[in-house]
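Report on the structure given below.
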Amino acid sequence: MNVKQCPILLLSIPPNPLYKMSSLCPFAKGAIGVGSVCPMKSSEKSKESNNNNTSKEEKEEKNVEEDKIGPATIPAKCPFGYDSETFKLGPLSCMICQALLYDSSKCMPCAHKFCKVCISRFRDCPLCGADIEKIEPDTDLQATVDRFIDGHARIKRTQSSSDKGEETVDAQKKVIYEDVSMERGAFLVQQAMRAFRARNVESAKSRLDMCAEDIREQLKVTEDSQELCSQLGAVLGMLGDCCRSMGDGDSAVKYYEESTEFLSKLPSKDLEVVHTLSVSLNKVGDLRYYAGDLQSARSYYVRSLEVRRQAVKDHSNVSSQVIDLATSLAKVADVNRNLGEEKTAIEGFEEAVQCLQALKLDSAEAALEQKRRSVLDFLQSQLTEN
């Protein structure tokens, strides 16, 4: 089937085979750039600051009280400095993608080490400039990296002390280790985003697979799972982006559909959940559209449109939701036109135009205004064309 390319679809599917992955960290309520501080650590920093202002006598009194109450709680800390608060390059990082090494390889004869995918794009070593005669795998280094990731943020610590005032030599005091799986999750996602931006998609997918596995394990034992479902839905969407950029459309659809399955269970009041759910539905629709399966594409676009309509009802004061609604209307209208339902298509385009014309933005929303104009121009061209 010859499907006309829709400019509104091209907004979500760039011509570059490396599709854009969301910059939102699913372990925080906002975007976290590489090198930024994960908000999950902010409360710990606050506590640490308070502790520094506490007098020596107060600290001793507090320690006595904790001994009386029960076992101590010890936060896990990565000795290499790799955690969700501080991202830095180290001996286990690739200097090209700036993420942890994946498929570690060394270029000969200089023996500098990088990810295989990263260094394969170079003829000269990026570090020393030496000619690369061949690239050899470094299995020992990769095994070290894998062991490091597998045990990251799960460091066991013990405290030696006497129990109930009894003098006991080398006694092991019972210690409760804080749940640091979320910190590990944020770490893995950030490593994946670094690798993805550097076009090392295999590395990104590997880290995201581990993150998804961690969350699934937690879901098995956690009663209140809304936050975990939100995180897993976002990570699965990122895995779909990886498969999509690798040309594996079937696996991408599988991940996107599983993402929507988890996100659909959550309350529609959360705008981040709404956005991620709608985007995943649209991405499946886009893949179906370009595969020529217009009926299937429309079903996904319509589901995304329903999500957007509800979001506008719940958040009528959020301008971006109106623009997203108009975009969804355009997607549905375009596929209706390709299915020969011209009257329905025109009605959809007209509704989208009305939404955008009624939207008033102030000078501080210049980026949104640009997007509004872009979508509006496309919609009006579709109506003029007919």
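Each chain in the structure tokens gets a letter, A, B and so on, in the order shown; residues start at 1 in every chain, and ligands are counted from 1 in the order they appear.
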Q | Spatial neighbours of stretch 333-346 of chain A, max dist 7 Å, only C-alpha atoms, sep filter under 6 positions, as a list in words | A |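 Non-adjacent residues within range: Leu294, Arg298 and Leu383 of chain A.
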Find the spatial neighbours of A:Ser264, counting only C-alpha atoms, within a cut-off of 9 Å - ignore same-chain residues fewer than 4 positions away - and output them as a PDB file with all heavy atoms, in the first residue's frame.
ATOM      1  N   SER A 259       4.654  -1.077  27.742  1.00  0.00           N
ATOM      2  CA  SER A 259       4.717   0.205  28.437  1.00  0.00           C
ATOM      3  C   SER A 259       3.316   0.759  28.669  1.00  0.00           C
ATOM      4  O   SER A 259       2.976   1.197  29.777  1.00  0.00           O
ATOM      5  CB  SER A 259       5.547   1.206  27.616  1.00  0.00           C
ATOM      6  OG  SER A 259       5.443   2.510  28.140  1.00  0.00           O
ATOM      7  N   THR A 260       2.481   0.741  27.643  1.00  0.00           N
ATOM      8  CA  THR A 260       1.117   1.253  27.782  1.00  0.00           C
ATOM      9  C   THR A 260       0.299   0.406  28.742  1.00  0.00           C
ATOM     10  O   THR A 260      -0.577   0.915  29.441  1.00  0.00           O
ATOM     11  CB  THR A 260       0.408   1.293  26.413  1.00  0.00           C
ATOM     12  OG1 THR A 260       0.299  -0.035  25.881  1.00  0.00           O
ATOM     13  CG2 THR A 260       1.170   2.149  25.426  1.00  0.00           C
ATOM     14  N   SER A 268      -4.875   9.156  35.777  1.00  0.00           N
ATOM     15  CA  SER A 268      -4.598  10.042  34.645  1.00  0.00           C
ATOM     16  C   SER A 268      -4.283  11.465  35.079  1.00  0.00           C
ATOM     17  O   SER A 268      -4.112  12.354  34.245  1.00  0.00           O
ATOM     18  CB  SER A 268      -5.793  10.062  33.695  1.00  0.00           C
ATOM     19  OG  SER A 268      -6.950  10.532  34.369  1.00  0.00           O
ATOM     20  N   VAL A 273       2.849  10.750  33.395  1.00  0.00           N
ATOM     21  CA  VAL A 273       2.300   9.450  33.013  1.00  0.00           C
ATOM     22  C   VAL A 273       1.474   9.591  31.743  1.00  0.00           C
ATOM     23  O   VAL A 273       1.581   8.774  30.811  1.00  0.00           O
ATOM     24  CB  VAL A 273       1.441   8.868  34.158  1.00  0.00           C
ATOM     25  CG1 VAL A 273       0.685   7.629  33.683  1.00  0.00           C
ATOM     26  CG2 VAL A 273       2.325   8.521  35.350  1.00  0.00           C
ATOM     27  N   VAL A 274       0.648  10.631  31.693  1.00  0.00           N
ATOM     28  CA  VAL A 274      -0.189  10.880  30.517  1.00  0.00           C
ATOM     29  C   VAL A 274       0.675  11.056  29.267  1.00  0.00           C
ATOM     30  O   VAL A 274       0.401  10.476  28.213  1.00  0.00           O
ATOM     31  CB  VAL A 274      -1.061  12.138  30.736  1.00  0.00           C
ATOM     32  CG1 VAL A 274      -1.704  12.581  29.419  1.00  0.00           C
ATOM     33  CG2 VAL A 274      -2.142  11.852  31.763  1.00  0.00           C
ATOM     34  N   LEU A 277       2.385   7.700  28.273  1.00  0.00           N
ATOM     35  CA  LEU A 277       1.391   6.774  27.735  1.00  0.00           C
ATOM     36  C   LEU A 277       0.996   7.178  26.320  1.00  0.00           C
ATOM     37  O   LEU A 277       0.954   6.348  25.400  1.00  0.00           O
ATOM     38  CB  LEU A 277       0.163   6.748  28.649  1.00  0.00           C
ATOM     39  CG  LEU A 277      -1.052   5.942  28.160  1.00  0.00           C
ATOM     40  CD1 LEU A 277      -0.675   4.494  27.906  1.00  0.00           C
ATOM     41  CD2 LEU A 277      -2.191   6.038  29.177  1.00  0.00           C
TER      42      LEU A 277
END
Q: Show which residues sit within 9 Å of A:Cys355, as an MDAnalysis selection string. Count only C-alpha atoms, and ignore same-chain residues fewer than 5 positions away.
A: chainID A and resid 322:323 325:326 350
Step one, run DSSP on the backbone; step two, keep only residues of stretch 176-246 of chain A assigned to alpha helix (DSSP H); then write them as a tab-separated table (two decimals) with N, CA, C and O atoms, in the first residue's frame.
chain	number	residue	atom	x	y	z
A	181	SER	N	17.53	0.36	45.49
A	181	SER	CA	17.25	-0.06	44.12
A	181	SER	C	16.85	1.11	43.24
A	181	SER	O	17.13	1.15	42.06
A	182	MET	N	16.17	2.12	43.82
A	182	MET	CA	15.81	3.27	43.02
A	182	MET	C	17.05	4.06	42.60
A	182	MET	O	17.13	4.57	41.51
A	183	GLU	N	18.02	4.16	43.50
A	183	GLU	CA	19.25	4.85	43.17
A	183	GLU	C	19.97	4.11	42.05
A	183	GLU	O	20.49	4.71	41.12
A	184	ARG	N	19.97	2.81	42.14
A	184	ARG	CA	20.58	1.99	41.09
A	184	ARG	C	19.84	2.20	39.77
A	184	ARG	O	20.44	2.29	38.71
A	185	GLY	N	18.51	2.29	39.86
A	185	GLY	CA	17.72	2.48	38.65
A	185	GLY	C	18.05	3.78	37.96
A	185	GLY	O	18.23	3.84	36.74
A	186	ALA	N	18.13	4.86	38.74
A	186	ALA	CA	18.47	6.16	38.16
A	186	ALA	C	19.85	6.13	37.53
A	186	ALA	O	20.09	6.71	36.47
A	187	PHE	N	20.77	5.43	38.18
A	187	PHE	CA	22.13	5.28	37.66
A	187	PHE	C	22.12	4.58	36.31
A	187	PHE	O	22.72	5.04	35.33
A	188	LEU	N	21.40	3.47	36.21
A	188	LEU	CA	21.37	2.70	34.96
A	188	LEU	C	20.71	3.49	33.84
A	188	LEU	O	21.15	3.46	32.69
A	189	VAL	N	19.63	4.21	34.17
A	189	VAL	CA	18.95	5.01	33.15
A	189	VAL	C	19.86	6.11	32.61
A	189	VAL	O	19.93	6.35	31.41
A	190	GLN	N	20.58	6.78	33.50
A	190	GLN	CA	21.47	7.84	33.05
A	190	GLN	C	22.61	7.29	32.18
A	190	GLN	O	23.00	7.90	31.20
A	191	GLN	N	23.13	6.11	32.56
A	191	GLN	CA	24.16	5.48	31.73
A	191	GLN	C	23.59	5.14	30.35
A	191	GLN	O	24.25	5.31	29.32
A	192	ALA	N	22.35	4.65	30.33
A	192	ALA	CA	21.70	4.31	29.06
A	192	ALA	C	21.50	5.55	28.19
A	192	ALA	O	21.73	5.52	26.97
A	193	MET	N	21.09	6.64	28.80
A	193	MET	CA	20.84	7.87	28.04
A	193	MET	C	22.13	8.42	27.46
A	193	MET	O	22.17	8.92	26.33
A	194	ARG	N	23.22	8.31	28.22
A	194	ARG	CA	24.52	8.74	27.70
A	194	ARG	C	24.90	7.91	26.48
A	194	ARG	O	25.32	8.44	25.45
A	195	ALA	N	24.78	6.60	26.61
A	195	ALA	CA	25.16	5.71	25.52
A	195	ALA	C	24.27	5.94	24.29
A	195	ALA	O	24.75	5.94	23.16
A	196	PHE	N	22.98	6.14	24.51
A	196	PHE	CA	22.05	6.33	23.40
A	196	PHE	C	22.38	7.59	22.62
A	196	PHE	O	22.38	7.59	21.38
A	197	ARG	N	22.67	8.66	23.34
A	197	ARG	CA	23.02	9.91	22.66
A	197	ARG	C	24.30	9.78	21.85
A	197	ARG	O	24.50	10.48	20.85
A	201	VAL	N	23.68	2.16	20.89
A	201	VAL	CA	22.34	1.73	21.26
A	201	VAL	C	22.36	0.38	21.98
A	201	VAL	O	21.56	0.13	22.88
A	202	GLU	N	23.28	-0.50	21.58
A	202	GLU	CA	23.36	-1.80	22.25
A	202	GLU	C	23.66	-1.63	23.74
A	202	GLU	O	23.10	-2.32	24.59
A	203	SER	N	24.57	-0.71	24.05
A	203	SER	CA	24.90	-0.43	25.45
A	203	SER	C	23.68	0.12	26.19
A	203	SER	O	23.37	-0.31	27.30
A	204	ALA	N	23.00	1.07	25.56
A	204	ALA	CA	21.81	1.65	26.19
A	204	ALA	C	20.77	0.59	26.48
A	204	ALA	O	20.19	0.54	27.57
A	205	LYS	N	20.53	-0.28	25.53
A	205	LYS	CA	19.52	-1.32	25.71
A	205	LYS	C	19.90	-2.28	26.82
A	205	LYS	O	19.05	-2.71	27.62
A	206	SER	N	21.19	-2.61	26.91
A	206	SER	CA	21.65	-3.51	27.96
A	206	SER	C	21.37	-2.93	29.34
A	206	SER	O	20.89	-3.63	30.24
A	207	ARG	N	21.68	-1.64	29.53
A	207	ARG	CA	21.46	-1.00	30.84
A	207	ARG	C	19.98	-0.91	31.17
A	207	ARG	O	19.56	-1.11	32.31
A	208	LEU	N	19.17	-0.59	30.17
A	208	LEU	CA	17.73	-0.48	30.39
A	208	LEU	C	17.11	-1.84	30.69
A	208	LEU	O	16.17	-1.94	31.49
A	209	ASP	N	17.62	-2.88	30.05
A	209	ASP	CA	17.14	-4.24	30.35
A	209	ASP	C	17.36	-4.57	31.83
A	209	ASP	O	16.49	-5.14	32.49
A	210	MET	N	18.53	-4.22	32.34
A	210	MET	CA	18.84	-4.47	33.74
A	210	MET	C	17.92	-3.67	34.65
A	210	MET	O	17.43	-4.17	35.67
A	211	CYS	N	17.68	-2.42	34.28
A	211	CYS	CA	16.82	-1.56	35.08
A	211	CYS	C	15.40	-2.12	35.12
A	211	CYS	O	14.76	-2.18	36.18
A	212	ALA	N	14.88	-2.54	33.97
A	212	ALA	CA	13.53	-3.11	33.91
A	212	ALA	C	13.44	-4.38	34.75
A	212	ALA	O	12.44	-4.60	35.45
A	213	GLU	N	14.48	-5.19	34.70
A	213	GLU	CA	14.50	-6.42	35.49
A	213	GLU	C	14.45	-6.12	36.99
A	213	GLU	O	13.74	-6.77	37.76
A	214	ASP	N	15.20	-5.10	37.40
A	214	ASP	CA	15.19	-4.69	38.81
A	214	ASP	C	13.79	-4.28	39.26
A	214	ASP	O	13.32	-4.68	40.32
A	215	ILE	N	13.12	-3.48	38.42
A	215	ILE	CA	11.79	-2.99	38.79
A	215	ILE	C	10.79	-4.14	38.84
A	215	ILE	O	9.93	-4.20	39.72
A	216	ARG	N	10.91	-5.05	37.91
A	216	ARG	CA	10.00	-6.22	37.92
A	216	ARG	C	10.14	-7.02	39.21
A	216	ARG	O	9.16	-7.50	39.77
A	217	GLU	N	11.38	-7.18	39.66
A	217	GLU	CA	11.61	-7.90	40.90
A	217	GLU	C	10.96	-7.19	42.08
A	217	GLU	O	10.39	-7.82	42.97
A	218	GLN	N	11.04	-5.86	42.08
A	218	GLN	CA	10.42	-5.10	43.17
A	218	GLN	C	8.90	-5.20	43.13
A	218	GLN	O	8.24	-5.24	44.16
A	219	LEU	N	8.34	-5.22	41.92
A	219	LEU	CA	6.89	-5.30	41.78
A	219	LEU	C	6.33	-6.59	42.38
A	219	LEU	O	5.18	-6.65	42.81
A	220	LYS	N	7.16	-7.62	42.41
A	220	LYS	CA	6.72	-8.91	42.96
A	220	LYS	C	6.50	-8.85	44.46
A	220	LYS	O	5.72	-9.63	45.01
A	221	VAL	N	7.18	-7.91	45.14
A	221	VAL	CA	7.13	-7.88	46.61
A	221	VAL	C	6.58	-6.57	47.16
A	221	VAL	O	6.49	-6.40	48.37
A	226	GLN	N	2.26	1.86	42.31
A	226	GLN	CA	1.98	2.89	41.32
A	226	GLN	C	3.27	3.56	40.82
A	226	GLN	O	3.46	3.73	39.61
A	227	GLU	N	4.15	3.92	41.74
A	227	GLU	CA	5.40	4.55	41.34
A	227	GLU	C	6.25	3.60	40.51
A	227	GLU	O	6.85	3.99	39.51
A	228	LEU	N	6.30	2.33	40.91
A	228	LEU	CA	7.09	1.35	40.18
A	228	LEU	C	6.51	1.12	38.78
A	228	LEU	O	7.25	0.99	37.81
A	229	CYS	N	5.17	1.08	38.67
A	229	CYS	CA	4.54	0.91	37.35
A	229	CYS	C	4.88	2.10	36.45
A	229	CYS	O	5.13	1.92	35.25
A	230	SER	N	4.89	3.29	37.03
A	230	SER	CA	5.23	4.48	36.25
A	230	SER	C	6.67	4.39	35.75
A	230	SER	O	6.96	4.67	34.58
A	231	GLN	N	7.58	3.99	36.63
A	231	GLN	CA	8.98	3.87	36.25
A	231	GLN	C	9.18	2.78	35.20
A	231	GLN	O	9.90	2.98	34.21
A	232	LEU	N	8.54	1.64	35.41
A	232	LEU	CA	8.70	0.54	34.46
A	232	LEU	C	8.12	0.92	33.10
A	232	LEU	O	8.71	0.60	32.06
A	233	GLY	N	6.98	1.61	33.11
A	233	GLY	CA	6.38	2.03	31.85
A	233	GLY	C	7.32	2.94	31.07
A	233	GLY	O	7.46	2.81	29.84
A	234	ALA	N	7.98	3.86	31.76
A	234	ALA	CA	8.92	4.77	31.11
A	234	ALA	C	10.14	4.04	30.58
A	234	ALA	O	10.59	4.29	29.45
A	235	VAL	N	10.68	3.12	31.38
A	235	VAL	CA	11.87	2.37	30.95
A	235	VAL	C	11.55	1.48	29.75
A	235	VAL	O	12.34	1.37	28.81
A	236	LEU	N	10.37	0.86	29.75
A	236	LEU	CA	9.97	0.02	28.61
A	236	LEU	C	9.82	0.86	27.34
A	236	LEU	O	10.16	0.41	26.24
A	237	GLY	N	9.32	2.09	27.51
A	237	GLY	CA	9.25	2.98	26.35
A	237	GLY	C	10.62	3.30	25.80
A	237	GLY	O	10.83	3.36	24.58
A	238	MET	N	11.60	3.48	26.69
A	238	MET	CA	12.97	3.73	26.25
A	238	MET	C	13.54	2.51	25.53
A	238	MET	O	14.28	2.64	24.54
A	239	LEU	N	13.21	1.33	26.03
A	239	LEU	CA	13.67	0.10	25.35
A	239	LEU	C	13.05	0.01	23.95
A	239	LEU	O	13.71	-0.44	23.01
A	240	GLY	N	11.80	0.47	23.84
A	240	GLY	CA	11.18	0.52	22.52
A	240	GLY	C	11.94	1.45	21.59
A	240	GLY	O	12.14	1.14	20.41
A	241	ASP	N	12.39	2.60	22.12
A	241	ASP	CA	13.17	3.54	21.31
A	241	ASP	C	14.47	2.89	20.83
A	241	ASP	O	14.90	3.12	19.69
A	242	CYS	N	15.10	2.12	21.72
A	242	CYS	CA	16.35	1.43	21.34
A	242	CYS	C	16.10	0.46	20.19
A	242	CYS	O	16.84	0.46	19.18
A	243	CYS	N	15.07	-0.37	20.33
A	243	CYS	CA	14.77	-1.35	19.28
A	243	CYS	C	14.39	-0.67	17.97
A	243	CYS	O	14.78	-1.11	16.88
A	244	ARG	N	13.67	0.42	18.09
A	244	ARG	CA	13.25	1.18	16.92
A	244	ARG	C	14.45	1.73	16.16
A	244	ARG	O	14.52	1.67	14.94
A	245	SER	N	15.42	2.26	16.90
A	245	SER	CA	16.61	2.82	16.25
A	245	SER	C	17.50	1.73	15.67
A	245	SER	O	18.30	1.98	14.77
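The nearest approach to A:Ser319 among the residues A:Leu92, A:Ala366, A:Asp248, A:Asp293, with only C-alpha atoms taken into account, belongs to A:Ala366.
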Q: Have a look at atom CA of A:Cys125 and atom CA of A:Cys107 and let me know their distance in Å, one decimal.
A: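 Computing it gives 7.2 Å between the two atoms.
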